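Input: a single structure, listed below in structure tokens.
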Amino acid sequence: MEFRNQFIRSLQPAAQEFFARRAYTRQTFAGEIIYEDQAPFTHAVFPHSGLFSLMAEMEDGRTVEKTSIGPDGFLGFVVIMGGGKAISKSVVRIPGHASWLSVEDLDAALSQFECVREVMLRYAKSLISQLMETVACNSLHSAEQRVARWLLTAHDSVQGDTMDLTQQAVAESLALRRATVSEICSQFLASNLIDYSRGKLTVLEHQKLEERACECYRRIRHTSLG
């Protein structure tokens with residue numbers, strides 16, 4: 001099969017063949033929970049399209065996205081750092097397709113192919129940078145800038161310009177009121193930056209939307225594997 005996940009595509013051909021033999025691929029669905037917080041990791045998950053949100057959940061029910069994982073990364077990095085449990089709840093925000101590779105097969109790939117470890121180290125740097133940028137963004141930038149950044153990241157995770165996405169999902173990811181997200185999206189719609197209808201959002205002007213976002217989007221893209 002042809003992999004679209006950038007992590008797998010960065011590997012040498014023999015390692016890619018190993019993944020093709022051992023992994024299984026299926027569709028992912030909006031709102032699907034990949035792992036609950038503290039659930040045992042059984043598989044690493046490599047998105048080919050779509051977006052996963054790693055969520056922090058407060059005792060009062062509030063949520064906010066710690067970081068997102070798209071086709072340039074994978075879910076399960078804690079496994080190779082000696083952890084066997086999820087450190088947050090992971091939810092499918094943008095549906096797509098992903099490949100599942102068992103922890104045992106991931107260990108075998110690490111032992112057999114040096115390139116797997118090398119790419120994982122590169123991805124670790126990228127993921128840590130993204131986490132730090134997200135903290136700074138949530139603290140310093142306006143709601144409009146954060147929504148624009150999030151939509152651009154989501155746009156990068158799909159093939160084409162249209163994605164299945166609700167305003168409620170954006171609000172939950174950014175810890176914003178749904179009314180706030182709705183107002184911002186209405187402004188983007190009026191400026192012909194996006195189109196939105198019945199749970200489907202289309203990015204019409206990626207570059208102009210980037211002008212409404214904070215610099216965090218560009219900084220995160222610069223550190224990605226792609």
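Identifiers in this document derive from the order of the structure tokens: chains are assigned A, B, ..., residues are numbered from 1 separately in each chain, and ligands are numbered from 1 in order of occurrence.
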
May I have a table of the residues of range 87-117 of chain A lying at most 9 Å from range 154-172 of chain A, giving each one's closest pair of atoms and their distance in Å to one decimal, counting only C-alpha atoms, ordered by chain and ascending residue number, as CSV?
residue,atom,partner,partner_atom,distance
A:Arg93,CA,A:Ala169,CA,6.8
A:Ile94,CA,A:Asp164,CA,6.2
A:Pro95,CA,A:Asp164,CA,7.0
A:Gly96,CA,A:Val158,CA,7.6

Take the selection from the previous step and output its residues with C-alpha atoms, as a CSV table (one decimal), in the first residue's frame.
chain,number,residue,atom,x,y,z
A,93,ARG,CA,-11.2,15.7,15.3
A,94,ILE,CA,-10.9,15.4,11.5
A,95,PRO,CA,-11.9,12.0,10.1
A,96,GLY,CA,-9.6,10.2,7.7

If you run DSSP on the backbone, which residues of range 32-208 of chain A are strand (DSSP E), as an mmCIF file with C-alpha atoms, in the first residue's frame?
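selection-v8.cif, freshly written:
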data_model
loop_
_atom_site.group_PDB
_atom_site.id
_atom_site.type_symbol
_atom_site.label_atom_id
_atom_site.label_comp_id
_atom_site.auth_asym_id
_atom_site.auth_seq_id
_atom_site.Cartn_x
_atom_site.Cartn_y
_atom_site.Cartn_z
ATOM 1 C CA ILE A 33 -11.745 8.009 20.958
ATOM 2 C CA ILE A 34 -8.450 6.343 20.054
ATOM 3 C CA TYR A 35 -7.193 6.122 23.638
ATOM 4 C CA HIS A 43 -0.688 0.052 19.134
ATOM 5 C CA ALA A 44 1.043 3.087 17.720
ATOM 6 C CA VAL A 45 -1.302 4.936 15.356
ATOM 7 C CA PHE A 46 -0.087 6.715 12.206
ATOM 8 C CA PRO A 47 -2.630 9.058 10.545
ATOM 9 C CA HIS A 48 -2.531 9.262 6.751
ATOM 10 C CA SER A 49 -5.222 11.932 6.714
ATOM 11 C CA GLY A 50 -7.303 13.643 9.359
ATOM 12 C CA LEU A 51 -6.344 15.017 12.757
ATOM 13 C CA PHE A 52 -6.158 13.667 16.312
ATOM 14 C CA SER A 53 -6.488 15.943 19.359
ATOM 15 C CA LEU A 54 -4.713 15.103 22.603
ATOM 16 C CA MET A 55 -7.001 16.563 25.223
ATOM 17 C CA ALA A 56 -6.557 17.801 28.777
ATOM 18 C CA GLU A 57 -9.725 17.375 30.837
ATOM 19 C CA THR A 63 -11.260 20.643 28.032
ATOM 20 C CA VAL A 64 -8.437 22.032 25.953
ATOM 21 C CA GLU A 65 -6.201 20.535 23.312
ATOM 22 C CA LYS A 66 -2.609 19.906 24.424
ATOM 23 C CA THR A 67 -1.457 19.287 20.878
ATOM 24 C CA SER A 68 -2.675 17.714 17.655
ATOM 25 C CA ILE A 69 -1.307 14.854 15.584
ATOM 26 C CA LYS A 89 -7.320 11.331 25.913
ATOM 27 C CA SER A 90 -6.895 11.197 22.132
ATOM 28 C CA VAL A 91 -9.901 12.055 19.973
ATOM 29 C CA VAL A 92 -10.388 12.118 16.201
ATOM 30 C CA ARG A 93 -11.211 15.730 15.281
ATOM 31 C CA ILE A 94 -10.946 15.427 11.497
ATOM 32 C CA PRO A 95 -11.877 11.996 10.100
ATOM 33 C CA GLY A 96 -9.580 10.212 7.684
ATOM 34 C CA HIS A 97 -7.480 7.035 7.611
ATOM 35 C CA ALA A 98 -4.739 5.725 9.878
ATOM 36 C CA SER A 99 -2.512 2.675 10.309
ATOM 37 C CA TRP A 100 -2.207 0.707 13.547
ATOM 38 C CA LEU A 101 1.107 -0.990 14.414
ATOM 39 C CA SER A 102 1.323 -3.140 17.535
ATOM 40 C CA THR A 162 -12.928 20.567 2.501
ATOM 41 C CA MET A 163 -13.113 18.796 5.850
ATOM 42 C CA ASP A 164 -15.774 17.411 8.148
ATOM 43 C CA ILE A 194 -13.768 29.907 4.377
ATOM 44 C CA ASP A 195 -17.091 28.362 3.460
ATOM 45 C CA TYR A 196 -19.114 26.477 6.050
ATOM 46 C CA SER A 197 -22.287 24.444 5.682
ATOM 47 C CA LYS A 200 -18.346 20.786 6.319
ATOM 48 C CA LEU A 201 -15.742 23.555 6.293
ATOM 49 C CA THR A 202 -13.817 24.575 3.189
ATOM 50 C CA VAL A 203 -10.707 26.733 3.300
#

**Q.** Test item: residues at most 9 Å from Arg4 in chain A, only C-alpha atoms, excluding those fewer than 2 positions along its chain, as a PyMOL selection string
**A.** chain A and resi 2+6-9+47-49+71-72

Restricting it to C-alpha atoms, dump the selection as a PDB file, in the first residue's frame.
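Heads up, here's the output in out17.pdb:
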ATOM      1  CA  GLU A   2       1.030   3.640  -0.412  1.00  0.00           C
ATOM      2  CA  GLN A   6       5.051  11.574   6.652  1.00  0.00           C
ATOM      3  CA  PHE A   7       6.713   9.659   9.476  1.00  0.00           C
ATOM      4  CA  ILE A   8       6.504   6.373   7.558  1.00  0.00           C
ATOM      5  CA  ARG A   9       7.413   8.023   4.262  1.00  0.00           C
ATOM      6  CA  PRO A  47      -2.630   9.058  10.545  1.00  0.00           C
ATOM      7  CA  HIS A  48      -2.531   9.262   6.751  1.00  0.00           C
ATOM      8  CA  SER A  49      -5.222  11.932   6.714  1.00  0.00           C
ATOM      9  CA  PRO A  71      -0.194  12.926   8.887  1.00  0.00           C
ATOM     10  CA  ASP A  72       3.249  14.267   9.837  1.00  0.00           C
TER      11      ASP A  72
END

Q: If you run DSSP over the backbone, which residues in range 48-196 of chain A end up alpha helix (DSSP H)? Put them as a VMD selection string.
A: chain A and resid 103 to 112 114 to 140 143 to 156 167 to 174 178 to 190

Q: Find the distance between CA of Arg198 in chain A and CA of Val147 in chain A and write it in Å to one decimal.
A: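 So the two atoms, CA of Arg198 in chain A and CA of Val147 in chain A, lie 18.7 Å apart.
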
(Q) List the spatial neighbours of Val103 in chain A as a VMD selection string - criterion: any atom at most 6 Å away, only C-alpha atoms, same-chain residues fewer than 2 positions off excluded. (A) chain A and resid 42 to 43 105 to 106

Expected file contents, prior selection, all heavy atoms, as a tab-separated table (two decimals), in the first residue's frame:
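Written output follows (selection_25.tsv):
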chain	number	residue	atom	x	y	z
A	42	THR	N	-1.56	-0.31	23.19
A	42	THR	CA	-1.37	-1.59	22.51
A	42	THR	C	-0.83	-1.41	21.11
A	42	THR	O	-0.17	-2.28	20.57
A	42	THR	CB	-2.70	-2.36	22.43
A	42	THR	OG1	-3.67	-1.55	21.72
A	42	THR	CG2	-3.23	-2.69	23.82
A	43	HIS	N	-1.11	-0.24	20.51
A	43	HIS	CA	-0.69	0.05	19.13
A	43	HIS	C	-0.24	1.51	19.02
A	43	HIS	O	-0.80	2.39	19.68
A	43	HIS	CB	-1.83	-0.17	18.14
A	43	HIS	CG	-2.24	-1.60	17.98
A	43	HIS	ND1	-2.97	-2.26	18.95
A	43	HIS	CD2	-2.00	-2.50	16.98
A	43	HIS	CE1	-3.19	-3.51	18.54
A	43	HIS	NE2	-2.62	-3.67	17.37
A	105	ASP	N	5.46	-4.93	17.39
A	105	ASP	CA	6.05	-4.69	16.07
A	105	ASP	C	6.84	-3.39	16.03
A	105	ASP	O	7.85	-3.30	15.33
A	105	ASP	CB	4.95	-4.68	15.00
A	105	ASP	CG	4.44	-6.08	14.67
A	105	ASP	OD1	5.21	-7.04	14.85
A	105	ASP	OD2	3.28	-6.20	14.24
A	106	LEU	N	6.40	-2.39	16.79
A	106	LEU	CA	7.15	-1.14	16.86
A	106	LEU	C	8.51	-1.40	17.51
A	106	LEU	O	9.54	-0.88	17.05
A	106	LEU	CB	6.37	-0.09	17.65
A	106	LEU	CG	7.04	1.28	17.80
A	106	LEU	CD1	7.30	1.93	16.44
A	106	LEU	CD2	6.18	2.20	18.67

Q. What's the 8 Å shell around range 214-216 of chain A, counting only C-alpha atoms, without same-chain residues fewer than 4 positions away, as a ChimeraX atom specification?
A. /A:133-134,137,141,145-146,148-149,210,220

Emit the selected residues as a PDB file, in the first residue's frame, including N, CA and C atoms.
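That gives us selection_34.pdb:
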ATOM      1  N   GLU A 133       4.858  25.746  21.630  1.00  0.00           N
ATOM      2  CA  GLU A 133       4.185  26.797  20.868  1.00  0.00           C
ATOM      3  C   GLU A 133       2.710  26.889  21.253  1.00  0.00           C
ATOM      4  N   THR A 134       2.081  25.733  21.494  1.00  0.00           N
ATOM      5  CA  THR A 134       0.669  25.729  21.867  1.00  0.00           C
ATOM      6  C   THR A 134       0.460  26.424  23.202  1.00  0.00           C
ATOM      7  N   CYS A 137       0.840  30.101  22.564  1.00  0.00           N
ATOM      8  CA  CYS A 137      -0.290  30.603  21.772  1.00  0.00           C
ATOM      9  C   CYS A 137      -1.528  30.785  22.642  1.00  0.00           C
ATOM     10  N   HIS A 141      -2.158  34.891  22.525  1.00  0.00           N
ATOM     11  CA  HIS A 141      -2.805  35.314  21.290  1.00  0.00           C
ATOM     12  C   HIS A 141      -4.330  35.337  21.397  1.00  0.00           C
ATOM     13  N   GLN A 145      -6.919  34.706  16.307  1.00  0.00           N
ATOM     14  CA  GLN A 145      -5.640  34.164  15.850  1.00  0.00           C
ATOM     15  C   GLN A 145      -5.551  32.664  16.106  1.00  0.00           C
ATOM     16  N   ARG A 146      -6.044  32.236  17.261  1.00  0.00           N
ATOM     17  CA  ARG A 146      -5.966  30.818  17.614  1.00  0.00           C
ATOM     18  C   ARG A 146      -6.887  29.977  16.736  1.00  0.00           C
ATOM     19  N   ALA A 148      -7.837  30.741  13.677  1.00  0.00           N
ATOM     20  CA  ALA A 148      -7.213  30.707  12.348  1.00  0.00           C
ATOM     21  C   ALA A 148      -6.072  29.698  12.319  1.00  0.00           C
ATOM     22  N   ARG A 149      -5.237  29.709  13.357  1.00  0.00           N
ATOM     23  CA  ARG A 149      -4.125  28.746  13.419  1.00  0.00           C
ATOM     24  C   ARG A 149      -4.639  27.318  13.408  1.00  0.00           C
ATOM     25  N   GLU A 210      -3.903  32.609   6.791  1.00  0.00           N
ATOM     26  CA  GLU A 210      -2.641  32.620   7.525  1.00  0.00           C
ATOM     27  C   GLU A 210      -2.312  34.027   8.014  1.00  0.00           C
ATOM     28  N   ILE A 220       5.296  26.217  13.941  1.00  0.00           N
ATOM     29  CA  ILE A 220       5.011  24.788  14.066  1.00  0.00           C
ATOM     30  C   ILE A 220       5.258  24.074  12.749  1.00  0.00           C
TER      31      ILE A 220
END

Q: May I ask which of the residues A:Gly31, A:Pro40, A:Gly199, A:Pro13 is the closest one to Val79 in chain A, counting only C-alpha atoms?
A: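 Of A:Gly31, A:Pro40, A:Gly199, A:Pro13, the one nearest Val79 in chain A is A:Pro40, counting only C-alpha atoms.
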
Q: Mind checking which residues fall within 7 Å of Lys85 in chain A, counting only C-alpha atoms, ignoring those fewer than 3 positions away in the same chain, and posting them as a PyMOL selection string?
A: chain A and resi 38-41

Generate the output file for the selected residues, all heavy atoms, as a compact mmCIF listing (two decimals), in the first residue's frame.
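Listing of again03.txt after writing:
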# COMPACT_ATOMS: atom_id res chain seq x y z
N GLN A 38 -4.69 7.39 30.40
CA GLN A 38 -4.16 6.30 31.22
C GLN A 38 -4.51 4.91 30.70
O GLN A 38 -4.22 3.91 31.38
CB GLN A 38 -4.62 6.44 32.68
CG GLN A 38 -4.08 7.69 33.38
CD GLN A 38 -2.55 7.73 33.38
OE1 GLN A 38 -1.90 6.78 33.81
NE2 GLN A 38 -1.99 8.84 32.90
N ALA A 39 -5.09 4.81 29.51
CA ALA A 39 -5.36 3.50 28.94
C ALA A 39 -4.05 2.87 28.46
O ALA A 39 -3.15 3.57 27.99
CB ALA A 39 -6.34 3.62 27.76
N PRO A 40 -3.90 1.55 28.57
CA PRO A 40 -2.68 0.89 28.10
C PRO A 40 -2.52 1.06 26.59
O PRO A 40 -3.48 0.91 25.83
CB PRO A 40 -2.90 -0.58 28.46
CG PRO A 40 -3.97 -0.57 29.51
CD PRO A 40 -4.85 0.60 29.19
N PHE A 41 -1.30 1.37 26.18
CA PHE A 41 -1.02 1.46 24.75
C PHE A 41 -0.79 0.06 24.19
O PHE A 41 0.07 -0.68 24.66
CB PHE A 41 0.23 2.31 24.49
CG PHE A 41 -0.07 3.73 24.11
CD1 PHE A 41 0.23 4.77 24.96
CD2 PHE A 41 -0.64 4.01 22.88
CE1 PHE A 41 -0.05 6.09 24.60
CE2 PHE A 41 -0.92 5.31 22.51
CZ PHE A 41 -0.63 6.35 23.37

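Counting only C-alpha atoms and comparing A:Ala143, A:Asn192, A:Asp37, A:Thr153, the residue that lies closest to Ala179 in chain A is A:Ala143.
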
**Q.** Counting only C-alpha atoms, the option among A:Ser186, A:Thr25, A:Gln130, A:Ser191 closest to Arg218 in chain A
**A.**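 Counting only C-alpha atoms, the residue closest to Arg218 in chain A is A:Gln130.
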